[in-house]
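Trainee: Dropping the structure in here first, questions after.
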Amino acid sequence: MNLTNLEIFEQLHEAVKGLLWMSESDYTFEALIWEFGEKISLDNEVVLKITKHSLDTPVKVIEFDSFFQWAITPKNWHNSEDADTVNRYQELVRIMKQYLSDLKVYKVGEIEIDVYIIGKTDVGDYAGLATVSIET
């Protein structure tokens with residue numbers, strides 16, 4: 001079943017309600033849609049322009065699966081709250097893989113890093129999530 005951009009946005013928005021990305025500080029997620037009206041391939045420069053970063057800002061692209069690996073892997077020491085969080089991340093990954101293709105993670109900046117988890121919609125636009133990761 002193909003979803004519209006708005007439906008994908010709503011699915012992502014619901015999936016991340018109350019979910020935090022844990023780094024040296026915890027940050028919320030924000031669902032996003034990037035509609036260009038024409039076929040544009042994402043690259044570092046396009047991401048920097050869309051997100052209003054300086055074009056000389058460092059960008060690191062990482063694989064979607066490796067980015068979420070720690071968050072979707074249950075550990076034997078997890079309590080029930082931790083297990084619920086792992087289940088929510090597993091559901092988020094499932095939703096993103098179901099409705100988006102060419103998923104990539106763009107980490108923009110240094111130390112306080114803006115993270116954009118982006119994939120292509122069926123109509124050729126882009127959707128995903130934004131958060132922040134503190135990495136010193």
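All residue names refer to the structure tokens as shown: chains lettered A, B, ... in order, residues numbered from 1 in each chain, ligands numbered from 1 in order.
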What's around segment 73-83 of chain A at 12 Å? Count only C-alpha atoms, leave out sequence neighbours fewer than 6 positions away in its own chain, and write the answer as a ChimeraX atom specification.

Mentor: /A:19-20,65-67,89-90,93

Trainee: Which neighbours of segment 98-114 of chain A fall inside 9 Å, counting only C-alpha atoms, when residues of the same chain fewer than 2 positions from it are skipped, and could you give them as an mmCIF file with N, CA and C atoms, in the first residue's frame?

Mentor:
```
data_model
loop_
_atom_site.group_PDB
_atom_site.id
_atom_site.type_symbol
_atom_site.label_atom_id
_atom_site.label_comp_id
_atom_site.auth_asym_id
_atom_site.auth_seq_id
_atom_site.Cartn_x
_atom_site.Cartn_y
_atom_site.Cartn_z
ATOM 1 N N MET A 1 0.829 -1.180 0.000
ATOM 2 C CA MET A 1 0.000 0.000 0.000
ATOM 3 C C MET A 1 0.878 1.250 0.000
ATOM 4 N N ASN A 2 0.657 2.116 -0.964
ATOM 5 C CA ASN A 2 1.403 3.358 -1.052
ATOM 6 C C ASN A 2 0.718 4.432 -0.225
ATOM 7 N N LEU A 3 1.512 5.192 0.510
ATOM 8 C CA LEU A 3 0.976 6.281 1.306
ATOM 9 C C LEU A 3 1.360 7.613 0.680
ATOM 10 N N ILE A 8 2.702 9.478 5.337
ATOM 11 C CA ILE A 8 4.012 9.047 5.825
ATOM 12 C C ILE A 8 4.450 9.944 6.978
ATOM 13 N N ASN A 44 25.311 15.693 -0.003
ATOM 14 C CA ASN A 44 25.689 16.530 1.132
ATOM 15 C C ASN A 44 25.317 17.995 0.920
ATOM 16 N N VAL A 47 21.520 18.570 1.247
ATOM 17 C CA VAL A 47 21.118 18.478 2.650
ATOM 18 C C VAL A 47 21.524 19.741 3.406
ATOM 19 N N LEU A 48 22.728 20.243 3.174
ATOM 20 C CA LEU A 48 23.178 21.461 3.847
ATOM 21 C C LEU A 48 22.294 22.654 3.475
ATOM 22 N N HIS A 53 22.360 25.033 6.724
ATOM 23 C CA HIS A 53 23.702 24.999 7.289
ATOM 24 C C HIS A 53 24.663 25.623 6.280
ATOM 25 N N THR A 57 30.009 23.162 6.396
ATOM 26 C CA THR A 57 29.732 22.343 7.578
ATOM 27 C C THR A 57 30.042 20.880 7.262
ATOM 28 N N PRO A 58 30.758 20.188 8.149
ATOM 29 C CA PRO A 58 31.060 18.773 7.898
ATOM 30 C C PRO A 58 29.789 17.916 7.876
ATOM 31 N N VAL A 59 29.744 16.977 6.938
ATOM 32 C CA VAL A 59 28.624 16.039 6.825
ATOM 33 C C VAL A 59 29.194 14.630 6.774
ATOM 34 N N LYS A 60 28.629 13.773 7.597
ATOM 35 C CA LYS A 60 29.009 12.366 7.573
ATOM 36 C C LYS A 60 27.748 11.568 7.240
ATOM 37 N N VAL A 61 27.828 10.719 6.221
ATOM 38 C CA VAL A 61 26.692 9.887 5.831
ATOM 39 C C VAL A 61 26.942 8.484 6.352
ATOM 40 N N ILE A 62 25.967 7.944 7.079
ATOM 41 C CA ILE A 62 26.110 6.579 7.581
ATOM 42 C C ILE A 62 24.905 5.750 7.170
ATOM 43 N N GLU A 63 25.082 4.458 7.209
ATOM 44 C CA GLU A 63 24.022 3.535 6.820
ATOM 45 C C GLU A 63 22.902 3.542 7.846
ATOM 46 N N PHE A 64 21.692 3.484 7.366
ATOM 47 C CA PHE A 64 20.494 3.491 8.205
ATOM 48 C C PHE A 64 20.537 2.379 9.246
ATOM 49 N N ASP A 65 20.820 1.156 8.809
ATOM 50 C CA ASP A 65 20.791 0.016 9.734
ATOM 51 C C ASP A 65 21.825 0.153 10.846
ATOM 52 N N PHE A 67 23.014 2.923 12.074
ATOM 53 C CA PHE A 67 22.629 4.015 12.966
ATOM 54 C C PHE A 67 21.687 3.532 14.067
ATOM 55 N N VAL A 93 11.756 1.626 12.812
ATOM 56 C CA VAL A 93 12.585 1.128 11.710
ATOM 57 C C VAL A 93 11.721 0.389 10.688
ATOM 58 N N ARG A 94 10.783 -0.409 11.161
ATOM 59 C CA ARG A 94 9.883 -1.136 10.258
ATOM 60 C C ARG A 94 9.080 -0.161 9.395
ATOM 61 N N ILE A 95 8.515 0.868 10.019
ATOM 62 C CA ILE A 95 7.724 1.865 9.285
ATOM 63 C C ILE A 95 8.592 2.566 8.239
ATOM 64 N N MET A 96 9.777 2.982 8.642
ATOM 65 C CA MET A 96 10.635 3.706 7.699
ATOM 66 C C MET A 96 11.032 2.821 6.523
ATOM 67 N N TYR A 116 19.794 13.835 10.351
ATOM 68 C CA TYR A 116 18.654 13.729 9.443
ATOM 69 C C TYR A 116 18.607 12.308 8.915
ATOM 70 N N ILE A 117 17.540 11.606 9.231
ATOM 71 C CA ILE A 117 17.345 10.215 8.822
ATOM 72 C C ILE A 117 16.316 10.261 7.696
ATOM 73 N N ILE A 118 16.767 10.119 6.470
ATOM 74 C CA ILE A 118 15.962 10.473 5.310
ATOM 75 C C ILE A 118 15.851 9.313 4.324
ATOM 76 N N GLY A 119 14.665 9.166 3.744
ATOM 77 C CA GLY A 119 14.456 8.201 2.674
ATOM 78 C C GLY A 119 13.540 8.793 1.620
ATOM 79 N N LYS A 120 13.479 8.120 0.500
ATOM 80 C CA LYS A 120 12.687 8.590 -0.636
ATOM 81 C C LYS A 120 11.272 8.016 -0.558
ATOM 82 N N THR A 121 10.287 8.864 -0.813
ATOM 83 C CA THR A 121 8.892 8.415 -0.865
ATOM 84 C C THR A 121 8.597 7.830 -2.246
ATOM 85 N N ASP A 122 7.440 7.196 -2.381
ATOM 86 C CA ASP A 122 7.061 6.602 -3.662
ATOM 87 C C ASP A 122 6.927 7.637 -4.778
ATOM 88 N N TYR A 126 11.189 13.335 -0.326
ATOM 89 C CA TYR A 126 11.943 12.745 0.782
ATOM 90 C C TYR A 126 11.205 12.963 2.099
ATOM 91 N N ALA A 127 11.322 11.989 2.975
ATOM 92 C CA ALA A 127 10.691 12.068 4.289
ATOM 93 C C ALA A 127 11.623 11.428 5.295
ATOM 94 N N GLY A 128 11.399 11.753 6.546
ATOM 95 C CA GLY A 128 12.217 11.142 7.574
ATOM 96 C C GLY A 128 12.097 11.855 8.895
ATOM 97 N N ALA A 130 14.364 14.184 12.080
ATOM 98 C CA ALA A 130 15.510 14.997 12.480
ATOM 99 C C ALA A 130 15.638 14.903 13.991
ATOM 100 N N THR A 131 16.859 14.869 14.465
ATOM 101 C CA THR A 131 17.148 14.907 15.882
ATOM 102 C C THR A 131 18.536 15.507 16.057
ATOM 103 N N VAL A 132 19.010 15.501 17.284
ATOM 104 C CA VAL A 132 20.341 16.021 17.596
ATOM 105 C C VAL A 132 21.089 14.963 18.372
ATOM 106 N N SER A 133 22.359 14.850 18.107
ATOM 107 C CA SER A 133 23.227 13.930 18.838
ATOM 108 C C SER A 133 24.436 14.713 19.336
ATOM 109 N N ILE A 134 24.703 14.607 20.637
ATOM 110 C CA ILE A 134 25.880 15.253 21.205
ATOM 111 C C ILE A 134 27.001 14.210 21.231
ATOM 112 N N GLU A 135 28.096 14.512 20.543
ATOM 113 C CA GLU A 135 29.210 13.557 20.442
ATOM 114 C C GLU A 135 30.525 14.305 20.667
ATOM 115 N N THR A 136 31.079 14.123 21.872
ATOM 116 C CA THR A 136 32.349 14.805 22.180
ATOM 117 C C THR A 136 33.490 13.820 22.157
#
```

Trainee: Mind listing the strand (DSSP E) residues of chain A, per DSSP on the backbone, as a PyMOL selection string?

Mentor: chain A and resi 20-22+26-28+30-34+59-63+101-108+112-120+126-134

Trainee: What would the file look like if the residues just selected were written as a compact mmCIF listing (two decimals), in the first residue's frame with N, CA and C atoms?

Mentor:
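Output file result.txt is given in full below:
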```txt
# COMPACT_ATOMS: atom_id res chain seq x y z
N LEU A 20 13.02 9.38 22.59
CA LEU A 20 14.21 10.22 22.65
C LEU A 20 15.40 9.51 22.02
N TRP A 21 16.23 10.30 21.33
CA TRP A 21 17.49 9.79 20.82
C TRP A 21 18.53 10.04 21.91
N MET A 22 19.15 8.97 22.37
CA MET A 22 20.08 9.09 23.48
C MET A 22 21.52 9.18 22.98
N ASP A 26 19.73 13.75 25.71
CA ASP A 26 18.59 13.13 25.04
C ASP A 26 17.81 14.19 24.26
N TYR A 27 17.48 13.87 23.02
CA TYR A 27 16.74 14.80 22.16
C TYR A 27 15.54 14.11 21.54
N THR A 28 14.50 14.89 21.31
CA THR A 28 13.30 14.38 20.65
C THR A 28 13.57 14.25 19.15
N GLU A 30 11.85 14.87 15.24
CA GLU A 30 10.87 15.66 14.50
C GLU A 30 10.68 15.00 13.14
N ALA A 31 9.44 14.71 12.79
CA ALA A 31 9.15 14.16 11.46
C ALA A 31 9.26 15.28 10.43
N LEU A 32 9.69 14.92 9.22
CA LEU A 32 9.81 15.94 8.18
C LEU A 32 9.53 15.37 6.81
N ILE A 33 9.13 16.27 5.92
CA ILE A 33 8.92 15.96 4.50
C ILE A 33 9.66 17.03 3.71
N TRP A 34 10.45 16.60 2.74
CA TRP A 34 11.10 17.53 1.83
C TRP A 34 10.51 17.31 0.44
N VAL A 59 29.74 16.98 6.94
CA VAL A 59 28.62 16.04 6.83
C VAL A 59 29.19 14.63 6.77
N LYS A 60 28.63 13.77 7.60
CA LYS A 60 29.01 12.37 7.57
C LYS A 60 27.75 11.57 7.24
N VAL A 61 27.83 10.72 6.22
CA VAL A 61 26.69 9.89 5.83
C VAL A 61 26.94 8.48 6.35
N ILE A 62 25.97 7.94 7.08
CA ILE A 62 26.11 6.58 7.58
C ILE A 62 24.91 5.75 7.17
N GLU A 63 25.08 4.46 7.21
CA GLU A 63 24.02 3.54 6.82
C GLU A 63 22.90 3.54 7.85
N SER A 101 12.49 4.45 0.67
CA SER A 101 13.60 3.72 0.06
C SER A 101 14.86 4.57 0.16
N ASP A 102 16.00 3.98 -0.15
CA ASP A 102 17.28 4.67 -0.14
C ASP A 102 17.51 5.42 1.18
N LEU A 103 17.22 4.76 2.28
CA LEU A 103 17.38 5.38 3.60
C LEU A 103 18.85 5.64 3.93
N LYS A 104 19.11 6.86 4.36
CA LYS A 104 20.47 7.26 4.76
C LYS A 104 20.36 8.17 5.97
N VAL A 105 21.45 8.24 6.70
CA VAL A 105 21.54 9.13 7.86
C VAL A 105 22.63 10.16 7.59
N TYR A 106 22.25 11.43 7.64
CA TYR A 106 23.18 12.53 7.45
C TYR A 106 23.44 13.16 8.81
N LYS A 107 24.70 13.12 9.24
CA LYS A 107 25.11 13.74 10.50
C LYS A 107 25.84 15.03 10.14
N VAL A 108 25.24 16.16 10.51
CA VAL A 108 25.71 17.47 10.07
C VAL A 108 26.27 18.24 11.26
N GLU A 112 27.74 19.07 18.63
CA GLU A 112 26.27 19.10 18.64
C GLU A 112 25.82 18.88 17.20
N ILE A 113 25.53 17.63 16.89
CA ILE A 113 25.33 17.21 15.50
C ILE A 113 23.84 17.12 15.18
N ASP A 114 23.45 17.79 14.11
CA ASP A 114 22.08 17.65 13.61
C ASP A 114 22.03 16.37 12.78
N VAL A 115 21.07 15.52 13.10
CA VAL A 115 20.95 14.22 12.45
C VAL A 115 19.67 14.19 11.63
N TYR A 116 19.79 13.84 10.35
CA TYR A 116 18.65 13.73 9.44
C TYR A 116 18.61 12.31 8.91
N ILE A 117 17.54 11.61 9.23
CA ILE A 117 17.35 10.21 8.82
C ILE A 117 16.32 10.26 7.70
N ILE A 118 16.77 10.12 6.47
CA ILE A 118 15.96 10.47 5.31
C ILE A 118 15.85 9.31 4.32
N GLY A 119 14.66 9.17 3.74
CA GLY A 119 14.46 8.20 2.67
C GLY A 119 13.54 8.79 1.62
N LYS A 120 13.48 8.12 0.50
CA LYS A 120 12.69 8.59 -0.64
C LYS A 120 11.27 8.02 -0.56
N TYR A 126 11.19 13.34 -0.33
CA TYR A 126 11.94 12.74 0.78
C TYR A 126 11.20 12.96 2.10
N ALA A 127 11.32 11.99 2.97
CA ALA A 127 10.69 12.07 4.29
C ALA A 127 11.62 11.43 5.30
N GLY A 128 11.40 11.75 6.55
CA GLY A 128 12.22 11.14 7.57
C GLY A 128 12.10 11.86 8.89
N LEU A 129 13.21 11.84 9.61
CA LEU A 129 13.25 12.37 10.97
C LEU A 129 14.48 13.25 11.14
N ALA A 130 14.36 14.18 12.08
CA ALA A 130 15.51 15.00 12.48
C ALA A 130 15.64 14.90 13.99
N THR A 131 16.86 14.87 14.47
CA THR A 131 17.15 14.91 15.88
C THR A 131 18.54 15.51 16.06
N VAL A 132 19.01 15.50 17.28
CA VAL A 132 20.34 16.02 17.60
C VAL A 132 21.09 14.96 18.37
N SER A 133 22.36 14.85 18.11
CA SER A 133 23.23 13.93 18.84
C SER A 133 24.44 14.71 19.34
N ILE A 134 24.70 14.61 20.64
CA ILE A 134 25.88 15.25 21.20
C ILE A 134 27.00 14.21 21.23
```

Trainee: Using DSSP secondary structure from the backbone, list all alpha helix (DSSP H) positions within chain A, as a PDB file with C-alpha atoms, in the first residue's frame.

Mentor:
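Dumped everything to selection_8.pdb:
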```pdb
ATOM      1  CA  ASN A   5       3.613  12.220   1.835  1.00  0.00           C
ATOM      2  CA  LEU A   6       1.204  13.493   4.479  1.00  0.00           C
ATOM      3  CA  GLU A   7       0.312   9.956   5.559  1.00  0.00           C
ATOM      4  CA  ILE A   8       4.012   9.047   5.825  1.00  0.00           C
ATOM      5  CA  PHE A   9       4.628  12.199   7.869  1.00  0.00           C
ATOM      6  CA  GLU A  10       1.756  11.271  10.190  1.00  0.00           C
ATOM      7  CA  GLN A  11       3.046   7.698  10.606  1.00  0.00           C
ATOM      8  CA  LEU A  12       6.523   8.978  11.497  1.00  0.00           C
ATOM      9  CA  HIS A  13       5.165  11.690  13.787  1.00  0.00           C
ATOM     10  CA  GLU A  14       3.105   9.149  15.747  1.00  0.00           C
ATOM     11  CA  ALA A  15       5.962   6.631  15.901  1.00  0.00           C
ATOM     12  CA  VAL A  16       8.355   9.100  17.561  1.00  0.00           C
ATOM     13  CA  ASN A  44      25.689  16.530   1.132  1.00  0.00           C
ATOM     14  CA  GLU A  45      25.305  19.932  -0.537  1.00  0.00           C
ATOM     15  CA  VAL A  46      21.529  19.560  -0.978  1.00  0.00           C
ATOM     16  CA  VAL A  47      21.118  18.478   2.650  1.00  0.00           C
ATOM     17  CA  LEU A  48      23.178  21.461   3.847  1.00  0.00           C
ATOM     18  CA  LYS A  49      21.077  23.878   1.760  1.00  0.00           C
ATOM     19  CA  ILE A  50      17.726  22.398   2.854  1.00  0.00           C
ATOM     20  CA  PHE A  64      20.494   3.491   8.205  1.00  0.00           C
ATOM     21  CA  ASP A  65      20.791   0.016   9.734  1.00  0.00           C
ATOM     22  CA  SER A  66      24.028   0.755  11.554  1.00  0.00           C
ATOM     23  CA  PHE A  67      22.629   4.015  12.966  1.00  0.00           C
ATOM     24  CA  PHE A  68      19.703   2.276  14.685  1.00  0.00           C
ATOM     25  CA  GLN A  69      21.500  -0.981  15.557  1.00  0.00           C
ATOM     26  CA  TRP A  70      22.038  -0.241  19.252  1.00  0.00           C
ATOM     27  CA  ALA A  71      18.473   1.058  19.662  1.00  0.00           C
ATOM     28  CA  ILE A  72      16.732  -2.011  18.191  1.00  0.00           C
ATOM     29  CA  SER A  80      10.490  -3.489  31.031  1.00  0.00           C
ATOM     30  CA  GLU A  81      10.745   0.234  30.181  1.00  0.00           C
ATOM     31  CA  ASP A  82      13.956  -0.374  28.212  1.00  0.00           C
ATOM     32  CA  ALA A  83      12.301  -3.304  26.418  1.00  0.00           C
ATOM     33  CA  ASP A  84       9.336  -1.095  25.490  1.00  0.00           C
ATOM     34  CA  THR A  85      11.737   1.497  24.060  1.00  0.00           C
ATOM     35  CA  VAL A  86      13.519  -1.174  21.996  1.00  0.00           C
ATOM     36  CA  ASN A  87      10.115  -2.321  20.661  1.00  0.00           C
ATOM     37  CA  ARG A  88       9.223   1.259  19.704  1.00  0.00           C
ATOM     38  CA  TYR A  89      12.515   1.677  17.838  1.00  0.00           C
ATOM     39  CA  GLN A  90      11.948  -1.641  16.060  1.00  0.00           C
ATOM     40  CA  GLU A  91       8.502  -0.411  14.975  1.00  0.00           C
ATOM     41  CA  LEU A  92       9.969   2.912  13.818  1.00  0.00           C
ATOM     42  CA  VAL A  93      12.585   1.128  11.710  1.00  0.00           C
ATOM     43  CA  ARG A  94       9.883  -1.136  10.258  1.00  0.00           C
ATOM     44  CA  ILE A  95       7.724   1.865   9.285  1.00  0.00           C
ATOM     45  CA  MET A  96      10.635   3.706   7.699  1.00  0.00           C
ATOM     46  CA  LYS A  97      11.736   0.647   5.713  1.00  0.00           C
ATOM     47  CA  GLN A  98       8.165  -0.059   4.608  1.00  0.00           C
ATOM     48  CA  TYR A  99       7.385   3.407   3.256  1.00  0.00           C
TER      49      TYR A  99
END
```
